[in-house]
Number of protein chains: 2
Amino acid sequence: MANQQQLLKQALQTLKDHHVRVTPQRQIILTYLVTHHNHPSVDTIFNALATQLPNLSMATVYNTLNLLVDLGVVIELPNDNGGLRYDFYGRPHYHVICENCGKITDVFAPDFPQIERQLNQEAADQTGYLITSNHVEVYGLCPECQQKLHIDPKRQNWTSNGQKPLS
Amino acid sequence: MANQQQLLKQALQTLKDHHVRVTPQRQIILTYLVTHHNHPSVDTIFNALATQLPNLSMATVYNTLNLLVDLGVVIELPNDNGGLRYDFYGRPHYHVICENCGKITDVFAPDFPQIERQLNQEAADQTGYLITSNHVEVYGLCPECQQKLHIDPKRQNWTSNGQKPLS
DNA sequence: CTTCTAGTTTAGAACGGTTATTAACTGCTA
DNA sequence: TAGCAGTTAATAACCGTTCTAAACTAGAAG
């Protein structure tokens with residue numbers, strides 16, 4: 001897809017702009033993120049690239065992802081197991097996360113950039129912080145899990161995690 | 001403060017409504033959360049209650065907090081070290097988090113409930129999820145750290161974390 | 001008020017995702 | 001093309017969180 005090529009090129013340029021070296025590992029990880037929107041975990045990325053880079057180290061994946069997050073090229077999402085998952089941030093969007101199966105789905109809302117600006121502005125005005133970024137996530141049950149759990153959309157009295165079940 | 005008494009009472013009633021036992025540990029942890037808005041970590045809470053409950057176990061603090069989060073009485077916030085911090089959710093608000101010192105500050109915006117509804121609605125419409133909650137966080141530099149780091153509000157080219165500094 | 005039991009707490013071991021360490025390696029600039 | 005600052009690999013260490021099993025108890029039932 002031509003668009004993906006361009007997004008990759010932009011991202012690589014961002015690295016150069018910050019005087020960060022463009023290594024094969026970084027290129028391949030970036031390419032993976034541009035071409036996959038599975039919101040992968042570190043482990044998923046590591047395993048997916050095992051054939052292309054047989055000597056790839058976990059630490060390199062962690063380092064590269066942290067680097068890309070710092071550069072704003074990639075964003076970090078909470079995993080249901082307390083771990084993290086990643087997403088190439090090509091177009092402004094936020095995420096819905098299923099509390100039962102952990103699936104993450106993108107939400108592209110036309111007015112989201114404006115909402116972001118409003119949240120940032122109000123935060124800056126009230127607190128004096130110099131705002132750099134924000135996170136928006138919505139939680140719920142995906143359609144599949146609603147079926148699986150026979151949830152009546154009227155009621156919503158389930159729960160998850162915790163040492164003991166809630167009731 | 002009379003208002004705090006009432007918030008505590010409401011929270012305890014929520015436990016009863018869900019047939020969850022009101023134990024001394026749960027009451028004391030809840031009281032701590034109602035009366036402190038430090039956005040404490042598990043460790044902070046544990047240490048603060050050490051004198052009141054000498055035999056308190058870490059696991060109990062974890063269990064209680066997870067329970068309260070499930071009940072919607074308390075919300076979970078990301079810590080700068082990858083850990084978690086907690087906040088009693090008495091009135092709708094979101095948070096600004098300092099990327100340098102980790103401080104968390106509340107933002108009470110009059111239109112925040114409406115923004116939440118809008119985010120939830122758009123997510124539900126687009127994805128078919130049954131929405132239960134959401135998280136909104138803004139990141140930046142607190143006023144103190146801006147001074148400490150001599151940041152010119154015009155530029156914003158610092159970074160944090162990662163195995164190696166960025167440049 | 002007493003009994004009973006499912007739910008809760010405790011203490012500590014275990015787990016697992018992330019970071020730190022250090023030696024070998026290599027993009028990139030001059 | 002040489003040289004080095006930045007990067008990677010492999011693995012050990014770290015530490016926040018969860019698990020386990022035995023002791024305990026809040027609250028329902030009689």
# chains A, B, ... in the order shown; residues from 1 in each chain; ligands from 1

call {"tool": "select_by_dssp", "arguments": {"residues": "stretch 5-165 of chain B", "states": "helix (DSSP H, G or I)", "output": "PyMOL selection string"}}
result
chain B and resi 5-17+24-35+42-48+58-71+112-127+143-148

call {"tool": "select_by_dssp", "arguments": {"residues": "stretch 49-159 of chain B", "states": "strand (DSSP E)", "output": "VMD selection string"}}
result
chain B and resid 74 to 78 84 to 88 94 to 98 104 to 107 130 to 141

call {"tool": "write_last_selection", "arguments": {"atoms": "C-alpha atoms", "output": "JSON list (two decimals), in the first residue's frame"}}
result
[["chain", "number", "residue", "atom", "x", "y", "z"],
["B", 74, "VAL", "CA", -11.76, 4.09, 42.93],
["B", 75, "ILE", "CA", -9.84, 4.62, 39.72],
["B", 76, "GLU", "CA", -6.41, 3.38, 38.70],
["B", 77, "LEU", "CA", -3.73, 5.68, 37.33],
["B", 78, "PRO", "CA", -0.43, 4.86, 35.62],
["B", 84, "LEU", "CA", -0.13, 1.96, 39.58],
["B", 85, "ARG", "CA", -1.59, 4.69, 41.74],
["B", 86, "TYR", "CA", -5.14, 5.13, 42.99],
["B", 87, "ASP", "CA", -7.71, 7.86, 43.40],
["B", 88, "PHE", "CA", -11.09, 7.94, 45.09],
["B", 94, "TYR", "CA", -9.26, 13.57, 34.84],
["B", 95, "HIS", "CA", -5.53, 13.83, 35.48],
["B", 96, "VAL", "CA", -2.38, 15.53, 34.27],
["B", 97, "ILE", "CA", 0.78, 13.56, 34.96],
["B", 98, "CYS", "CA", 4.24, 15.11, 35.08],
["B", 104, "ILE", "CA", -0.43, 13.68, 39.37],
["B", 105, "THR", "CA", -2.81, 16.65, 39.44],
["B", 106, "ASP", "CA", -6.60, 16.65, 39.18],
["B", 107, "VAL", "CA", -8.41, 18.56, 36.43],
["B", 130, "LEU", "CA", -20.85, -2.35, 25.50],
["B", 131, "ILE", "CA", -19.04, 0.52, 27.21],
["B", 132, "THR", "CA", -18.45, 0.46, 30.97],
["B", 133, "SER", "CA", -15.79, 3.07, 31.70],
["B", 134, "ASN", "CA", -13.00, 5.17, 30.29],
["B", 135, "HIS", "CA", -9.62, 6.62, 31.12],
["B", 136, "VAL", "CA", -8.42, 10.06, 30.19],
["B", 137, "GLU", "CA", -4.94, 11.23, 31.07],
["B", 138, "VAL", "CA", -2.89, 14.17, 29.90],
["B", 139, "TYR", "CA", 0.92, 14.22, 30.09],
["B", 140, "GLY", "CA", 3.29, 17.11, 30.45],
["B", 141, "LEU", "CA", 5.67, 18.96, 32.73]]

call {"tool": "interface_residues", "arguments": {"of": "chain B", "to": "chain C", "cutoff": "12 Å", "atoms": "only C-alpha atoms (C1' of nucleotides)", "output": "NGL selection string"}}
result
:B and (19-26 or 53-64 or 81-83 or 161-164)

call {"tool": "write_last_selection", "arguments": {"atoms": "C-alpha atoms", "output": "compact mmCIF listing (two decimals), in the first residue's frame"}}
result
# COMPACT_ATOMS: atom_id res chain seq x y z
CA HIS B 19 -22.83 -8.36 48.89
CA VAL B 20 -19.18 -7.70 49.63
CA ARG B 21 -18.21 -7.90 53.27
CA VAL B 22 -17.36 -4.70 55.08
CA THR B 23 -14.16 -5.67 56.88
CA PRO B 24 -12.06 -3.34 59.07
CA GLN B 25 -9.30 -3.47 56.45
CA ARG B 26 -11.66 -2.34 53.71
CA LEU B 53 -3.29 -2.23 61.12
CA PRO B 54 0.05 -3.72 62.18
CA ASN B 55 -0.75 -7.08 60.59
CA LEU B 56 -1.99 -5.67 57.31
CA SER B 57 -0.76 -7.62 54.32
CA MET B 58 0.28 -6.19 50.98
CA ALA B 59 -1.97 -8.72 49.31
CA THR B 60 -4.95 -7.27 51.17
CA VAL B 61 -4.17 -3.80 49.93
CA TYR B 62 -3.91 -5.14 46.38
CA ASN B 63 -7.12 -7.13 46.74
CA THR B 64 -9.04 -4.24 48.24
CA ASN B 81 7.64 3.57 37.02
CA GLY B 82 5.10 1.32 35.34
CA GLY B 83 3.34 0.79 38.66
CA ASN B 161 13.03 6.75 30.20
CA GLY B 162 14.55 4.31 27.73
CA GLN B 163 17.82 2.45 28.10
CA LYS B 164 19.84 5.26 26.61

call {"tool": "interface_residues", "arguments": {"of": "chain D", "to": "chain B", "cutoff": "9 Å", "atoms": "only C-alpha atoms (C1' of nucleotides)", "output": "VMD selection string"}}
result
chain D and resid 16 to 18 25 to 27

call {"tool": "residues_around", "arguments": {"residues": "B:Thr35", "least_positions_apart": "5", "cutoff": "10 Å", "atoms": "only C-alpha atoms (C1' of nucleotides)", "output": "MDAnalysis selection string"}}
result
chainID B and resid 1 4:5 7:8 30 88

call {"tool": "write_last_selection", "arguments": {"atoms": "C-alpha atoms", "output": "short mmCIF file (atom, residue, chain, number, x, y, z; two decimals), in the first residue's frame"}}
result
data_model
loop_
_atom_site.label_atom_id
_atom_site.label_comp_id
_atom_site.auth_asym_id
_atom_site.auth_seq_id
_atom_site.Cartn_x
_atom_site.Cartn_y
_atom_site.Cartn_z
CA MET B 1 -15.41 17.25 56.81
CA GLN B 4 -16.13 13.11 53.29
CA GLN B 5 -18.25 11.26 55.85
CA LEU B 7 -18.73 9.89 50.49
CA LEU B 8 -17.38 7.16 52.76
CA LEU B 30 -11.48 3.38 51.98
CA PHE B 88 -11.09 7.94 45.09
#
